[in-house]
file input-v8.txt (compact mmCIF, C-alpha atoms)
# COMPACT_ATOMS: atom_id res chain seq x y z
CA MET A 171 -55.07 -48.28 72.49
CA SER A 172 -54.83 -45.23 74.79
CA ALA A 173 -51.62 -43.35 75.48
CA VAL A 174 -50.06 -41.78 78.54
CA THR A 175 -47.16 -39.41 79.08
CA CYS A 176 -44.26 -40.63 81.19
CA PRO A 177 -43.98 -38.31 84.22
CA GLU A 178 -40.20 -38.82 84.26
CA CYS A 179 -39.16 -38.15 80.64
CA GLU A 180 -42.42 -37.15 78.87
CA ALA A 181 -42.26 -40.03 76.40
CA GLN A 182 -45.59 -41.03 74.89
CA ILE A 183 -46.40 -44.61 75.90
CA GLY A 184 -49.20 -46.67 74.41
CA LEU A 185 -51.21 -48.83 76.80
CA ASP A 186 -52.11 -52.29 75.52
CA ASP A 187 -55.78 -53.21 75.34
CA GLY A 188 -56.77 -54.94 78.53
CA THR A 189 -54.39 -52.96 80.74
CA GLU A 190 -55.77 -52.77 84.24
CA VAL A 191 -55.53 -50.29 87.10
CA GLY A 192 -52.66 -51.25 89.38
CA GLU A 193 -50.60 -52.79 86.61
CA ILE A 194 -46.93 -51.82 86.43
CA ILE A 195 -45.63 -50.84 83.01
CA VAL A 196 -42.15 -49.75 81.96
CA CYS A 197 -41.38 -46.55 80.04
CA SER A 198 -39.73 -47.59 76.79
CA ASP A 199 -37.49 -44.49 76.76
CA CYS A 200 -36.19 -43.98 80.29
CA GLY A 201 -37.01 -47.36 81.81
CA VAL A 202 -38.86 -46.21 84.94
CA ASP A 203 -41.63 -48.32 86.41
CA LEU A 204 -45.06 -46.71 86.09
CA GLU A 205 -48.20 -47.71 87.92
CA VAL A 206 -51.43 -47.44 85.96
CA ILE A 207 -53.79 -45.43 88.19
CA ALA A 208 -56.70 -44.91 85.77
CA ILE A 209 -57.91 -46.30 82.45
CA ASP A 210 -60.49 -43.87 81.12
CA PRO A 211 -58.79 -41.52 80.68
CA ALA A 212 -55.51 -43.37 81.12
CA ALA A 213 -53.11 -42.10 83.77
CA VAL A 214 -49.89 -43.37 85.33
CA GLN A 215 -47.64 -42.40 88.20
CA LEU A 216 -44.06 -43.26 89.09
CA ALA A 217 -43.88 -46.58 90.90
CA PRO A 218 -41.26 -47.17 93.58
CA MET A 219 -38.17 -48.86 92.15
CA GLU A 220 -35.80 -50.89 94.21
CA GLN A 221 -32.43 -49.18 94.58
CA GLU A 222 -29.45 -51.43 94.10
CA ASP A 223 -25.71 -51.21 94.03
CA TRP A 224 -24.67 -50.91 90.46
CA GLY A 225 -21.66 -50.34 88.29
CA GLU A 226 -18.69 -50.07 90.62
CA MET B 73 -22.82 -51.23 40.46
CA THR B 74 -20.99 -48.17 41.69
CA THR B 75 -17.22 -48.60 41.56
CA VAL B 76 -15.03 -47.57 44.47
CA SER B 77 -11.34 -47.72 45.31
CA ILE B 78 -9.50 -47.23 48.59
CA ILE B 79 -6.19 -45.43 48.71
CA GLY B 80 -4.23 -46.54 51.74
CA GLY B 81 -6.02 -49.74 52.64
CA SER B 82 -3.55 -51.36 55.03
CA GLY B 83 -4.47 -49.39 58.15
CA TYR B 84 -7.30 -50.04 60.56
CA GLY B 85 -9.54 -47.44 58.92
CA GLY B 86 -8.93 -48.98 55.51
CA GLY B 87 -9.63 -52.44 56.89
CA GLU B 88 -12.97 -51.34 58.29
CA LEU B 89 -13.85 -49.68 54.99
CA LEU B 90 -13.10 -52.93 53.19
CA ARG B 91 -15.22 -54.94 55.62
CA LEU B 92 -18.17 -52.58 55.13
CA LEU B 93 -17.84 -52.12 51.38
CA LEU B 94 -17.46 -55.85 50.66
CA SER B 95 -20.92 -56.36 52.15
CA HIS B 96 -22.48 -53.27 50.63
CA PRO B 97 -25.11 -54.24 48.04
CA ASN B 98 -24.51 -51.29 45.70
CA VAL B 99 -20.74 -51.08 45.34
CA GLU B 100 -17.89 -52.98 43.76
CA ILE B 101 -14.36 -52.47 45.06
CA LYS B 102 -11.95 -52.05 42.15
CA GLN B 103 -8.62 -51.36 43.84
CA VAL B 104 -7.08 -51.10 47.29
CA THR B 105 -3.68 -49.49 47.38
CA SER B 106 -0.78 -49.83 49.77
CA ARG B 107 2.86 -49.03 49.08
CA SER B 108 4.12 -51.25 51.91
CA ARG B 109 1.90 -54.25 51.10
CA MET B 110 1.82 -54.04 47.30
CA GLY B 111 1.05 -57.42 45.71
CA GLU B 112 -0.08 -59.05 48.94
CA TYR B 113 -3.60 -60.34 49.45
CA VAL B 114 -5.76 -57.96 51.45
CA TYR B 115 -6.69 -60.73 53.90
CA GLN B 116 -3.04 -61.15 54.84
CA THR B 117 -3.28 -57.74 56.50
CA HIS B 118 -6.96 -57.87 57.46
CA PRO B 119 -7.42 -61.51 58.52
CA ASN B 120 -11.16 -61.14 59.16
CA LEU B 121 -11.58 -60.75 55.38
CA ARG B 122 -10.18 -64.17 54.49
CA LYS B 123 -12.53 -65.91 52.04
CA ARG B 124 -14.40 -62.63 51.57
CA THR B 125 -12.14 -61.22 48.86
CA GLN B 126 -9.25 -62.14 46.64
CA LEU B 127 -8.24 -58.51 46.19
CA LYS B 128 -4.55 -57.70 46.39
CA PHE B 129 -3.03 -54.40 47.40
CA SER B 130 -2.09 -52.46 44.32
CA ASP B 131 0.36 -49.70 43.44
CA PRO B 132 -1.00 -46.20 44.26
CA SER B 133 0.53 -44.91 41.00
CA GLN B 134 -1.56 -47.40 39.00
CA LEU B 135 -4.95 -46.11 40.14
CA GLU B 136 -7.76 -46.35 37.62
CA PRO B 137 -10.83 -44.09 37.36
CA VAL B 138 -13.78 -45.03 39.57
CA ASP B 139 -17.04 -43.47 40.73
CA ILE B 140 -15.95 -42.92 44.34
CA LEU B 141 -12.50 -42.72 45.85
CA PHE B 142 -11.97 -43.31 49.56
CA LEU B 143 -8.77 -41.85 50.98
CA ALA B 144 -7.58 -43.75 54.05
CA GLN B 145 -4.01 -42.56 54.17
CA PRO B 146 -2.17 -41.10 57.15
CA HIS B 147 -2.83 -37.42 57.74
CA GLY B 148 -1.03 -34.99 55.45
CA GLN B 149 -0.88 -37.02 52.25
CA ALA B 150 -4.23 -36.31 50.61
CA GLN B 151 -3.70 -32.55 50.44
CA HIS B 152 -0.59 -33.08 48.27
CA ASN B 153 -2.40 -35.31 45.77
CA ILE B 154 -5.96 -34.03 45.75
CA GLU B 155 -5.78 -32.60 42.21
CA ARG B 156 -4.77 -35.99 40.85
CA TYR B 157 -7.41 -37.82 42.85
CA ALA B 158 -10.13 -35.45 41.64
CA LYS B 159 -9.32 -36.42 38.06
CA LEU B 160 -9.81 -40.10 38.90
CA ALA B 161 -13.18 -39.88 40.62
CA ALA B 162 -16.14 -37.53 40.65
CA LYS B 163 -16.70 -38.15 44.35
CA ILE B 164 -14.07 -38.30 47.09
CA ILE B 165 -14.43 -39.26 50.75
CA ASP B 166 -11.32 -38.60 52.81
CA LEU B 167 -10.93 -40.27 56.19
CA ALA B 168 -7.90 -38.28 57.28
CA ALA B 169 -7.73 -34.79 58.78
CA ASP B 170 -6.57 -32.97 55.64
CA PHE B 171 -9.90 -31.36 54.76
CA ARG B 172 -11.85 -31.33 58.02
CA LEU B 173 -11.33 -27.68 58.91
CA ARG B 174 -12.89 -24.91 56.83
CA ASP B 175 -10.67 -22.15 58.18
CA GLN B 176 -7.06 -22.27 56.98
CA SER B 177 -5.85 -20.39 60.07
CA LEU B 178 -7.58 -22.91 62.35
CA TYR B 179 -5.76 -25.68 60.47
CA GLU B 180 -2.41 -23.94 60.85
CA LYS B 181 -3.01 -23.29 64.55
CA TRP B 182 -3.90 -26.89 65.42
CA TYR B 183 -1.70 -28.76 62.96
CA GLY B 184 1.29 -26.43 63.14
CA GLU B 185 1.87 -26.28 59.39
CA LYS B 186 0.69 -24.56 56.23
CA HIS B 187 -2.00 -26.40 54.30
CA ALA B 188 -0.74 -27.63 50.91
CA ALA B 189 -4.09 -27.15 49.15
CA PRO B 190 -6.02 -24.43 51.00
CA GLU B 191 -8.23 -23.75 47.98
CA TRP B 192 -9.75 -27.21 48.54
CA LEU B 193 -10.80 -26.65 52.16
CA SER B 194 -14.06 -24.94 51.24
CA LYS B 195 -14.94 -27.66 48.71
CA PHE B 196 -15.20 -30.36 51.36
CA VAL B 197 -18.18 -30.88 53.66
CA TYR B 198 -17.43 -32.09 57.18
CA GLY B 199 -18.35 -35.77 57.08
CA LEU B 200 -20.64 -36.22 60.05
CA PRO B 201 -24.18 -36.85 58.75
CA GLU B 202 -25.72 -35.93 62.09
CA LEU B 203 -24.44 -32.39 61.52
CA HIS B 204 -24.44 -31.95 57.73
CA ARG B 205 -26.86 -34.46 56.21
CA ALA B 206 -28.28 -32.19 53.51
CA GLU B 207 -24.90 -30.73 52.52
CA ILE B 208 -23.33 -34.18 52.28
CA ALA B 209 -26.18 -35.32 50.02
CA SER B 210 -25.41 -32.58 47.52
CA THR B 211 -21.60 -32.46 47.49
CA ASN B 212 -18.88 -34.43 45.72
CA TYR B 213 -16.25 -34.03 48.45
CA VAL B 214 -16.60 -35.15 52.05
CA SER B 215 -13.96 -34.98 54.75
CA GLY B 216 -13.29 -37.51 57.45
CA VAL B 217 -14.13 -36.99 61.10
CA GLY B 218 -11.88 -37.28 64.12
CA CYS B 219 -13.02 -40.14 66.32
CA ASN B 220 -12.60 -38.13 69.52
CA ALA B 221 -14.17 -35.12 67.86
CA THR B 222 -17.15 -37.22 66.82
CA ALA B 223 -17.78 -38.54 70.33
CA SER B 224 -17.40 -35.00 71.67
CA ASN B 225 -19.58 -33.36 69.04
CA LEU B 226 -22.36 -35.90 69.46
CA ALA B 227 -22.23 -35.56 73.26
CA LEU B 228 -22.76 -31.81 72.84
CA LEU B 229 -25.15 -31.90 69.87
CA PRO B 230 -28.50 -32.09 71.74
CA LEU B 231 -27.39 -29.34 74.13
CA VAL B 232 -26.17 -27.01 71.39
CA LYS B 233 -29.03 -27.70 68.99
CA ALA B 234 -31.68 -26.97 71.62
CA ASP B 235 -29.72 -23.96 72.91
CA LEU B 236 -29.50 -25.38 76.42
CA ILE B 237 -25.92 -24.37 77.25
CA ASP B 238 -24.01 -21.10 77.06
CA LEU B 239 -21.53 -21.45 74.18
CA GLU B 240 -19.26 -18.85 75.80
CA SER B 241 -18.88 -20.87 79.00
CA SER B 242 -16.17 -23.41 79.72
CA ILE B 243 -16.78 -27.00 78.58
CA ILE B 244 -14.60 -29.91 79.67
CA ILE B 245 -14.73 -33.20 77.77
CA GLU B 246 -13.03 -36.26 79.22
CA LEU B 247 -12.33 -38.97 76.64
CA LYS B 248 -11.43 -42.57 77.38
CA VAL B 249 -10.00 -44.16 74.27
CA GLY B 250 -9.00 -47.58 72.96
CA SER B 251 -5.65 -48.53 71.51
CA SER B 252 -6.81 -48.79 67.88
CA GLU B 253 -6.96 -44.99 67.82
CA GLY B 254 -3.19 -45.12 67.62
CA GLY B 255 -3.33 -46.80 64.22
CA ALA B 256 -1.77 -49.97 62.91
CA GLU B 257 1.83 -48.90 63.43
CA GLY B 258 3.15 -49.58 66.91
CA ASN B 259 5.59 -47.66 69.07
CA SER B 260 7.22 -48.22 72.43
CA ALA B 261 4.18 -46.83 74.29
CA SER B 262 1.86 -49.26 72.50
CA HIS B 263 4.09 -52.25 73.16
CA HIS B 264 1.82 -54.76 74.94
CA PRO B 265 3.56 -54.83 78.34
CA GLU B 266 3.41 -51.04 78.41
CA ARG B 267 -0.08 -50.55 76.97
CA ALA B 268 -2.00 -53.36 78.66
CA SER B 269 -4.00 -52.38 81.76
CA VAL B 270 -3.19 -48.68 81.44
CA ILE B 271 -5.29 -45.71 82.45
CA ARG B 272 -2.97 -43.12 80.93
CA THR B 273 -3.88 -39.47 80.41
CA PHE B 274 -1.72 -38.82 77.39
CA SER B 275 -3.12 -35.43 76.41
CA SER B 276 -4.52 -33.08 79.05
CA PHE B 277 -5.50 -30.46 76.50
CA GLY B 278 -4.51 -29.28 73.04
CA HIS B 279 -5.48 -32.45 71.14
CA ARG B 280 -5.96 -31.70 67.43
CA HIS B 281 -9.52 -32.97 67.39
CA THR B 282 -10.45 -30.01 69.60
CA ALA B 283 -10.45 -27.87 66.46
CA GLU B 284 -13.33 -29.91 65.02
CA VAL B 285 -15.40 -29.37 68.16
CA ILE B 286 -14.76 -25.63 68.01
CA GLN B 287 -15.67 -25.54 64.32
CA GLU B 288 -18.76 -27.74 64.46
CA MET B 289 -20.30 -26.82 67.82
CA GLY B 290 -19.39 -23.13 67.82
CA VAL B 291 -18.04 -23.38 71.36
CA LYS B 292 -15.35 -20.91 72.41
CA ASP B 293 -13.77 -22.49 75.48
CA VAL B 294 -13.51 -26.27 75.25
CA SER B 295 -10.87 -28.71 76.48
CA LEU B 296 -10.53 -32.34 75.44
CA THR B 297 -8.63 -34.51 77.91
CA MET B 298 -7.57 -37.84 76.46
CA THR B 299 -7.03 -40.95 78.54
CA ALA B 300 -5.92 -44.27 77.08
CA VAL B 301 -7.71 -47.22 78.66
CA ASP B 302 -7.45 -50.97 78.28
CA LEU B 303 -9.72 -51.30 75.27
CA VAL B 304 -8.98 -52.02 71.61
CA ARG B 305 -11.99 -50.31 70.04
CA GLY B 306 -14.08 -47.55 71.50
CA VAL B 307 -14.29 -44.00 72.74
CA LEU B 308 -16.34 -42.66 75.62
CA ALA B 309 -16.72 -38.89 75.76
CA THR B 310 -17.96 -37.42 79.02
CA ALA B 311 -18.74 -33.73 78.61
CA HIS B 312 -19.18 -31.39 81.56
CA ALA B 313 -21.00 -28.09 81.10
CA LYS B 314 -23.55 -25.78 82.71
CA VAL B 315 -27.08 -25.58 81.39
CA LYS B 316 -28.87 -22.26 81.18
CA PRO B 317 -30.96 -21.27 84.23
CA GLY B 318 -34.28 -23.05 84.57
CA ILE B 319 -33.41 -26.06 82.36
CA THR B 320 -34.80 -29.29 83.79
CA THR B 321 -34.26 -32.98 83.14
CA LYS B 322 -37.46 -33.03 81.08
CA ASP B 323 -36.05 -30.32 78.79
CA LEU B 324 -33.00 -32.49 78.29
CA TRP B 325 -35.09 -35.54 77.46
CA LYS B 326 -36.87 -33.49 74.82
CA ALA B 327 -33.58 -32.31 73.30
CA TYR B 328 -31.91 -35.73 73.28
CA ARG B 329 -35.04 -37.43 71.97
CA ALA B 330 -35.27 -34.95 69.11
CA VAL B 331 -31.70 -35.75 68.03
CA ALA B 332 -32.29 -39.50 68.36
CA ASN B 333 -35.48 -39.27 66.30
CA GLU B 334 -33.74 -37.39 63.48
CA ASN B 335 -30.74 -39.70 63.23
CA PRO B 336 -30.88 -43.44 62.59
CA PHE B 337 -27.60 -44.18 64.37
CA ILE B 338 -28.18 -42.10 67.52
CA ARG B 339 -29.66 -43.89 70.52
CA ILE B 340 -30.41 -42.66 74.02
CA VAL B 341 -29.10 -44.90 76.78
CA LYS B 342 -30.43 -43.75 80.14
CA GLU B 343 -31.83 -46.74 81.96
CA GLN B 344 -33.03 -47.26 85.51
CA ARG B 345 -32.13 -50.91 85.82
CA GLY B 346 -30.01 -53.59 84.22
CA ILE B 347 -26.28 -53.50 83.53
CA TYR B 348 -26.07 -51.12 80.58
CA ARG B 349 -27.68 -47.98 82.02
CA VAL B 350 -25.30 -45.51 80.44
CA PRO B 351 -23.48 -45.43 77.10
CA GLU B 352 -20.59 -47.90 76.92
CA PRO B 353 -18.30 -48.41 73.94
CA LYS B 354 -17.85 -52.12 74.68
CA ILE B 355 -21.10 -53.23 73.07
CA LEU B 356 -20.68 -50.92 70.07
CA ALA B 357 -17.63 -52.65 68.58
CA GLY B 358 -18.19 -52.99 64.85
CA SER B 359 -21.44 -51.02 64.85
CA ASN B 360 -22.14 -47.53 63.56
CA TYR B 361 -24.27 -46.50 66.53
CA ALA B 362 -23.53 -43.58 68.80
CA ASP B 363 -25.10 -44.01 72.23
CA LEU B 364 -25.93 -40.83 74.16
CA GLY B 365 -26.77 -40.39 77.82
CA PHE B 366 -26.94 -37.58 80.32
CA GLU B 367 -27.41 -36.65 83.96
CA LEU B 368 -28.32 -33.20 85.26
CA ASP B 369 -27.65 -31.91 88.74
CA GLU B 370 -30.67 -29.65 88.96
CA SER B 371 -29.30 -28.01 92.11
CA ASN B 372 -26.50 -26.28 90.21
CA GLY B 373 -27.13 -26.83 86.49
CA HIS B 374 -24.15 -29.15 85.99
CA ILE B 375 -24.83 -31.38 83.00
CA VAL B 376 -22.83 -34.52 82.30
CA SER B 377 -23.40 -35.64 78.71
CA MET B 378 -21.97 -38.93 77.49
CA CYS B 379 -21.38 -40.38 74.05
CA ALA B 380 -19.97 -43.83 73.28
CA ILE B 381 -18.88 -44.92 69.80
CA ASP B 382 -16.61 -47.37 68.04
CA ASN B 383 -13.76 -45.11 66.95
CA LEU B 384 -13.22 -47.09 63.74
CA MET B 385 -16.91 -47.03 62.82
CA LYS B 386 -18.93 -43.92 63.75
CA GLY B 387 -15.59 -42.24 64.37
CA ALA B 388 -14.15 -43.11 60.94
CA SER B 389 -15.15 -45.72 58.37
CA GLY B 390 -18.80 -46.16 59.38
CA SER B 391 -19.49 -42.46 59.03
CA ALA B 392 -17.60 -42.47 55.72
CA VAL B 393 -19.88 -45.20 54.32
CA GLN B 394 -22.92 -43.40 55.73
CA CYS B 395 -21.75 -40.30 53.84
CA MET B 396 -21.36 -42.34 50.65
CA ASN B 397 -24.95 -43.55 51.01
CA LEU B 398 -26.16 -39.98 51.36
CA MET B 399 -24.05 -38.72 48.44
CA MET B 400 -25.47 -41.46 46.23
CA GLY B 401 -29.07 -40.95 47.34
CA TRP B 402 -29.23 -44.42 48.90
CA ASP B 403 -30.73 -45.42 52.22
CA GLU B 404 -28.44 -43.90 54.80
CA THR B 405 -28.15 -47.13 56.76
CA LEU B 406 -27.24 -49.39 53.83
CA GLY B 407 -24.40 -51.75 54.73
CA LEU B 408 -24.30 -50.42 58.28
CA GLU B 409 -27.00 -52.50 59.92
CA PHE B 410 -24.70 -54.53 62.21
CA SER B 411 -25.94 -54.19 65.80
CA GLY B 412 -22.72 -55.07 67.57
CA LEU B 413 -22.14 -58.05 69.83
CA HIS B 414 -23.29 -58.98 73.29
CA PRO B 415 -21.64 -60.40 75.22
CA ILE B 416 -18.23 -59.38 73.94
call {"tool": "encode", "arguments": {"input": "input-v8.txt", "output": "structure tokens"}}
result
Amino acid sequence: MSAVTCPECEAQIGLDDGTEVGEIIVCSDCGVDLEVIAIDPAAVQLAPMEQEDWGE
Amino acid sequence: MTTVSIIGGSGYGGGELLRLLLSHPNVEIKQVTSRSRMGEYVYQTHPNLRKRTQLKFSDPSQLEPVDILFLAQPHGQAQHNIERYAKLAAKIIDLAADFRLRDQSLYEKWYGEKHAAPEWLSKFVYGLPELHRAEIASTNYVSGVGCNATASNLALLPLVKADLIDLESSIIIELKVGSSEGGAEGNSASHHPERASVIRTFSSFGHRHTAEVIQEMGVKDVSLTMTAVDLVRGVLATAHAKVKPGITTKDLWKAYRAVANENPFIRIVKEQRGIYRVPEPKILAGSNYADLGFELDESNGHIVSMCAIDNLMKGASGSAVQCMNLMMGWDETLGLEFSGLHPI
């Protein structure tokens, strides 16, 4: 299993075997969506997240 | 089995201690005292403990020796009886404010009275494991923690520990608090028609728990503003401060993550979706967790750091049991595994 660093919070995230380019994963620490952009070596980038009204 | 007794078991703090200790695998409760409820079954005061124990409240003057004594009396009583208590038990954990402050002058300033046993102040370790784990593990005397002080101290802990804020600068901490902080005795302000639905700022500054934040965080200029809200259990501390120049959100993640990794009951709550994106006391009722969150305005260095706890647990009895576990060399989380409820 390879690991990537979350670009938002720098958490170390393990990628499951079989993860593919284009897949969206979620950072287990800060919850952002991350798009897998490479596998060998593994790399991710922030994926657009839908903004929504929340909390009021 | 380790034997324990609780002095002053009729209040909310005492009730929580009973709930936790009755389920603790390593302890046996010998006595629970209460002058006002002497002879009554414990469950008549703490109805959640019905069928859990047949203990009755006993006379405080009839205390027998035990391994550990928990003091859950109102503030000001323990300091007058500490010599007697120390002869009854090798280890003492006090939930009240009598032995929280190391400096006698700080006590006199914030409590407006002379301490009755100042020679005992230095014998007690401040009872927040997240700040004094090693000292607690090697002492026989542990103080209680103020619930508001605990929420405030834990909100500041990652920032202070990683040296991210200027301790000389002004820090404002807004606290929203539940009604159980007021204790089991009512007054006209806690009468249901007056207390229900309130958002009442009852102390703008000068709350006694401020002294514990000054002592434990080393901050010079800090104000705690207390607002009662329509909640039974829970405290939310929202601390406002300025980070040092150049500090980024990633630096904060590193600092908060370090504190969460070192402490089994500290969690970071900073989510991008869902309902619970920030710390909220609601889902912590009955649990010993402290949830931390933060937001940084990188344009001006304004940090908002949040901490949510159950005032009766992490802010009182939960921390006391956690301290007992450390003092006895047991797993720190023993008897404190309850995750809280959702929905509640």
call {"tool": "atom_distance", "arguments": {"input": "input-v8.txt", "atom1": "CA of Ala206 (chain B)", "atom2": "CA of Met400 (chain B)"}}
result
12.1 Å
call {"tool": "interface_residues", "arguments": {"input": "input-v8.txt", "of": "chain B", "to": "chain A", "cutoff": "10 Å", "atoms": "all atoms listed in the file", "output": "PyMOL selection string"}}
result
chain B and resi 321-326+329+340-350
call {"tool": "residues_around", "arguments": {"input": "input-v8.txt", "residues": "Val206 (chain A)", "least_positions_apart": "3", "cutoff": "9 Å", "atoms": "all atoms listed in the file", "output": "number ranges by chain"}}
result
A: 189-195, 209, 212-215
call {"tool": "atom_distance", "arguments": {"input": "input-v8.txt", "atom1": "CA of Gly278 (chain B)", "atom2": "CA of Val291 (chain B)"}}
result
14.9 Å
call {"tool": "residues_near_point", "arguments": {"input": "input-v8.txt", "point": "(-22.7, -43.9, 50.8)", "cutoff": "10 Å", "atoms": "all atoms listed in the file", "output": "PDB file with C-alpha atoms, keeping the file's coordinate frame"}}
result
ATOM      1  CA  LEU B  93     -17.840 -52.120  51.380  1.00  0.00           C
ATOM      2  CA  HIS B  96     -22.480 -53.270  50.630  1.00  0.00           C
ATOM      3  CA  ASN B  98     -24.510 -51.290  45.700  1.00  0.00           C
ATOM      4  CA  VAL B  99     -20.740 -51.080  45.340  1.00  0.00           C
ATOM      5  CA  ILE B 140     -15.950 -42.920  44.340  1.00  0.00           C
ATOM      6  CA  ILE B 165     -14.430 -39.260  50.750  1.00  0.00           C
ATOM      7  CA  ILE B 208     -23.330 -34.180  52.280  1.00  0.00           C
ATOM      8  CA  ALA B 209     -26.180 -35.320  50.020  1.00  0.00           C
ATOM      9  CA  GLY B 390     -18.800 -46.160  59.380  1.00  0.00           C
ATOM     10  CA  SER B 391     -19.490 -42.460  59.030  1.00  0.00           C
ATOM     11  CA  ALA B 392     -17.600 -42.470  55.720  1.00  0.00           C
ATOM     12  CA  VAL B 393     -19.880 -45.200  54.320  1.00  0.00           C
ATOM     13  CA  GLN B 394     -22.920 -43.400  55.730  1.00  0.00           C
ATOM     14  CA  CYS B 395     -21.750 -40.300  53.840  1.00  0.00           C
ATOM     15  CA  MET B 396     -21.360 -42.340  50.650  1.00  0.00           C
ATOM     16  CA  ASN B 397     -24.950 -43.550  51.010  1.00  0.00           C
ATOM     17  CA  LEU B 398     -26.160 -39.980  51.360  1.00  0.00           C
ATOM     18  CA  MET B 399     -24.050 -38.720  48.440  1.00  0.00           C
ATOM     19  CA  MET B 400     -25.470 -41.460  46.230  1.00  0.00           C
ATOM     20  CA  GLY B 401     -29.070 -40.950  47.340  1.00  0.00           C
ATOM     21  CA  TRP B 402     -29.230 -44.420  48.900  1.00  0.00           C
ATOM     22  CA  ASP B 403     -30.730 -45.420  52.220  1.00  0.00           C
ATOM     23  CA  GLU B 404     -28.440 -43.900  54.800  1.00  0.00           C
ATOM     24  CA  THR B 405     -28.150 -47.130  56.760  1.00  0.00           C
ATOM     25  CA  LEU B 406     -27.240 -49.390  53.830  1.00  0.00           C
ATOM     26  CA  GLY B 407     -24.400 -51.750  54.730  1.00  0.00           C
TER      27      GLY B 407
END
call {"tool": "residues_around", "arguments": {"input": "input-v8.txt", "residues": "Leu178 (chain B)", "least_positions_apart": "6", "cutoff": "12 Å", "atoms": "all atoms listed in the file", "output": "JSON, numbers by chain"}}
result
{"B": [171, 172, 184, 185, 186, 187, 190, 193, 280, 281, 282, 283, 284, 285, 286, 287]}
call {"tool": "axis_aligned_box", "arguments": {"input": "input-v8.txt", "around": "region 209-212 of chain A", "padding_each_side": "3 Å", "output": "JSON"}}
result
{"center_x": -58.0, "center_y": -43.9, "center_z": 81.6, "size_x": 11.0, "size_y": 10.8, "size_z": 7.8}
call {"tool": "atom_distance", "arguments": {"input": "input-v8.txt", "atom1": "CA of Tyr84 (chain B)", "atom2": "CA of Tyr198 (chain B)"}}
result
20.9 Å
call {"tool": "residues_around", "arguments": {"input": "input-v8.txt", "residues": "Ile381 (chain B)", "least_positions_apart": "4", "cutoff": "6 Å", "atoms": "only C-alpha atoms", "output": "MDAnalysis selection string"}}
result
chainID B and resid 306:307 353 362
call {"tool": "closest_residue", "arguments": {"input": "input-v8.txt", "among": "B:Gly87, B:Pro415, B:Pro137, B:Gly111", "to": "Ala388 (chain B)", "atoms": "all atoms listed in the file"}}
result
B:Gly87
call {"tool": "closest_residue", "arguments": {"input": "input-v8.txt", "among": "B:Ala332, B:Ala234, B:Ala189, B:Leu296", "to": "Thr310 (chain B)", "atoms": "only C-alpha atoms"}}
result
B:Leu296
call {"tool": "residues_around", "arguments": {"input": "input-v8.txt", "residues": "Arg109 (chain B)", "least_positions_apart": "4", "cutoff": "10 Å", "atoms": "all atoms listed in the file", "output": "list in words"}}
result
Gly80, Gly81, Ser82, Thr105, Tyr113, Val114, Gln116, Thr117, Lys128, Phe129, Ser130 and Asp131 of chain B
call {"tool": "residues_near_point", "arguments": {"input": "input-v8.txt", "point": "(-55.9, -48.6, 70.2)", "cutoff": "12 Å", "atoms": "all atoms listed in the file", "output": "short mmCIF file (atom, residue, chain, number, x, y, z; two decimals) with C-alpha atoms, in the frame of the given file"}}
result
data_model
loop_
_atom_site.label_atom_id
_atom_site.label_comp_id
_atom_site.auth_asym_id
_atom_site.auth_seq_id
_atom_site.Cartn_x
_atom_site.Cartn_y
_atom_site.Cartn_z
CA MET A 171 -55.07 -48.28 72.49
CA SER A 172 -54.83 -45.23 74.79
CA ALA A 173 -51.62 -43.35 75.48
CA ILE A 183 -46.40 -44.61 75.90
CA GLY A 184 -49.20 -46.67 74.41
CA LEU A 185 -51.21 -48.83 76.80
CA ASP A 186 -52.11 -52.29 75.52
CA ASP A 187 -55.78 -53.21 75.34
CA GLY A 188 -56.77 -54.94 78.53
CA THR A 189 -54.39 -52.96 80.74
#
call {"tool": "residues_around", "arguments": {"input": "input-v8.txt", "residues": "region 73-77 of chain B", "least_positions_apart": "3", "cutoff": "6 Å", "atoms": "all atoms listed in the file", "output": "PDB file with C-alpha atoms, in the frame of the given file"}}
result
ATOM      1  CA  ASN B  98     -24.510 -51.290  45.700  1.00  0.00           C
ATOM      2  CA  VAL B  99     -20.740 -51.080  45.340  1.00  0.00           C
ATOM      3  CA  GLU B 100     -17.890 -52.980  43.760  1.00  0.00           C
ATOM      4  CA  ILE B 101     -14.360 -52.470  45.060  1.00  0.00           C
ATOM      5  CA  LYS B 102     -11.950 -52.050  42.150  1.00  0.00           C
ATOM      6  CA  GLN B 103      -8.620 -51.360  43.840  1.00  0.00           C
ATOM      7  CA  VAL B 104      -7.080 -51.100  47.290  1.00  0.00           C
ATOM      8  CA  VAL B 138     -13.780 -45.030  39.570  1.00  0.00           C
ATOM      9  CA  ASP B 139     -17.040 -43.470  40.730  1.00  0.00           C
ATOM     10  CA  ILE B 140     -15.950 -42.920  44.340  1.00  0.00           C
ATOM     11  CA  LEU B 141     -12.500 -42.720  45.850  1.00  0.00           C
TER      12      LEU B 141
END
call {"tool": "decode", "arguments": {"input": "input-v8.txt", "residues": "region 162-173 of chain B", "atoms": "C-alpha atoms", "output": "compact mmCIF listing (two decimals), in the first residue's frame"}}
result
# COMPACT_ATOMS: atom_id res chain seq x y z
CA ALA B 162 -2.83 7.07 50.86
CA LYS B 163 -4.20 8.63 47.70
CA ILE B 164 -6.64 11.53 47.42
CA ILE B 165 -8.37 12.98 44.36
CA ASP B 166 -10.23 16.21 45.03
CA LEU B 167 -12.82 17.41 42.55
CA ALA B 168 -13.30 20.84 44.10
CA ALA B 169 -11.20 23.97 43.71
CA ASP B 170 -9.42 23.78 47.08
CA PHE B 171 -6.06 22.55 45.78
CA ARG B 172 -6.02 23.56 42.12
CA LEU B 173 -3.78 26.60 42.43
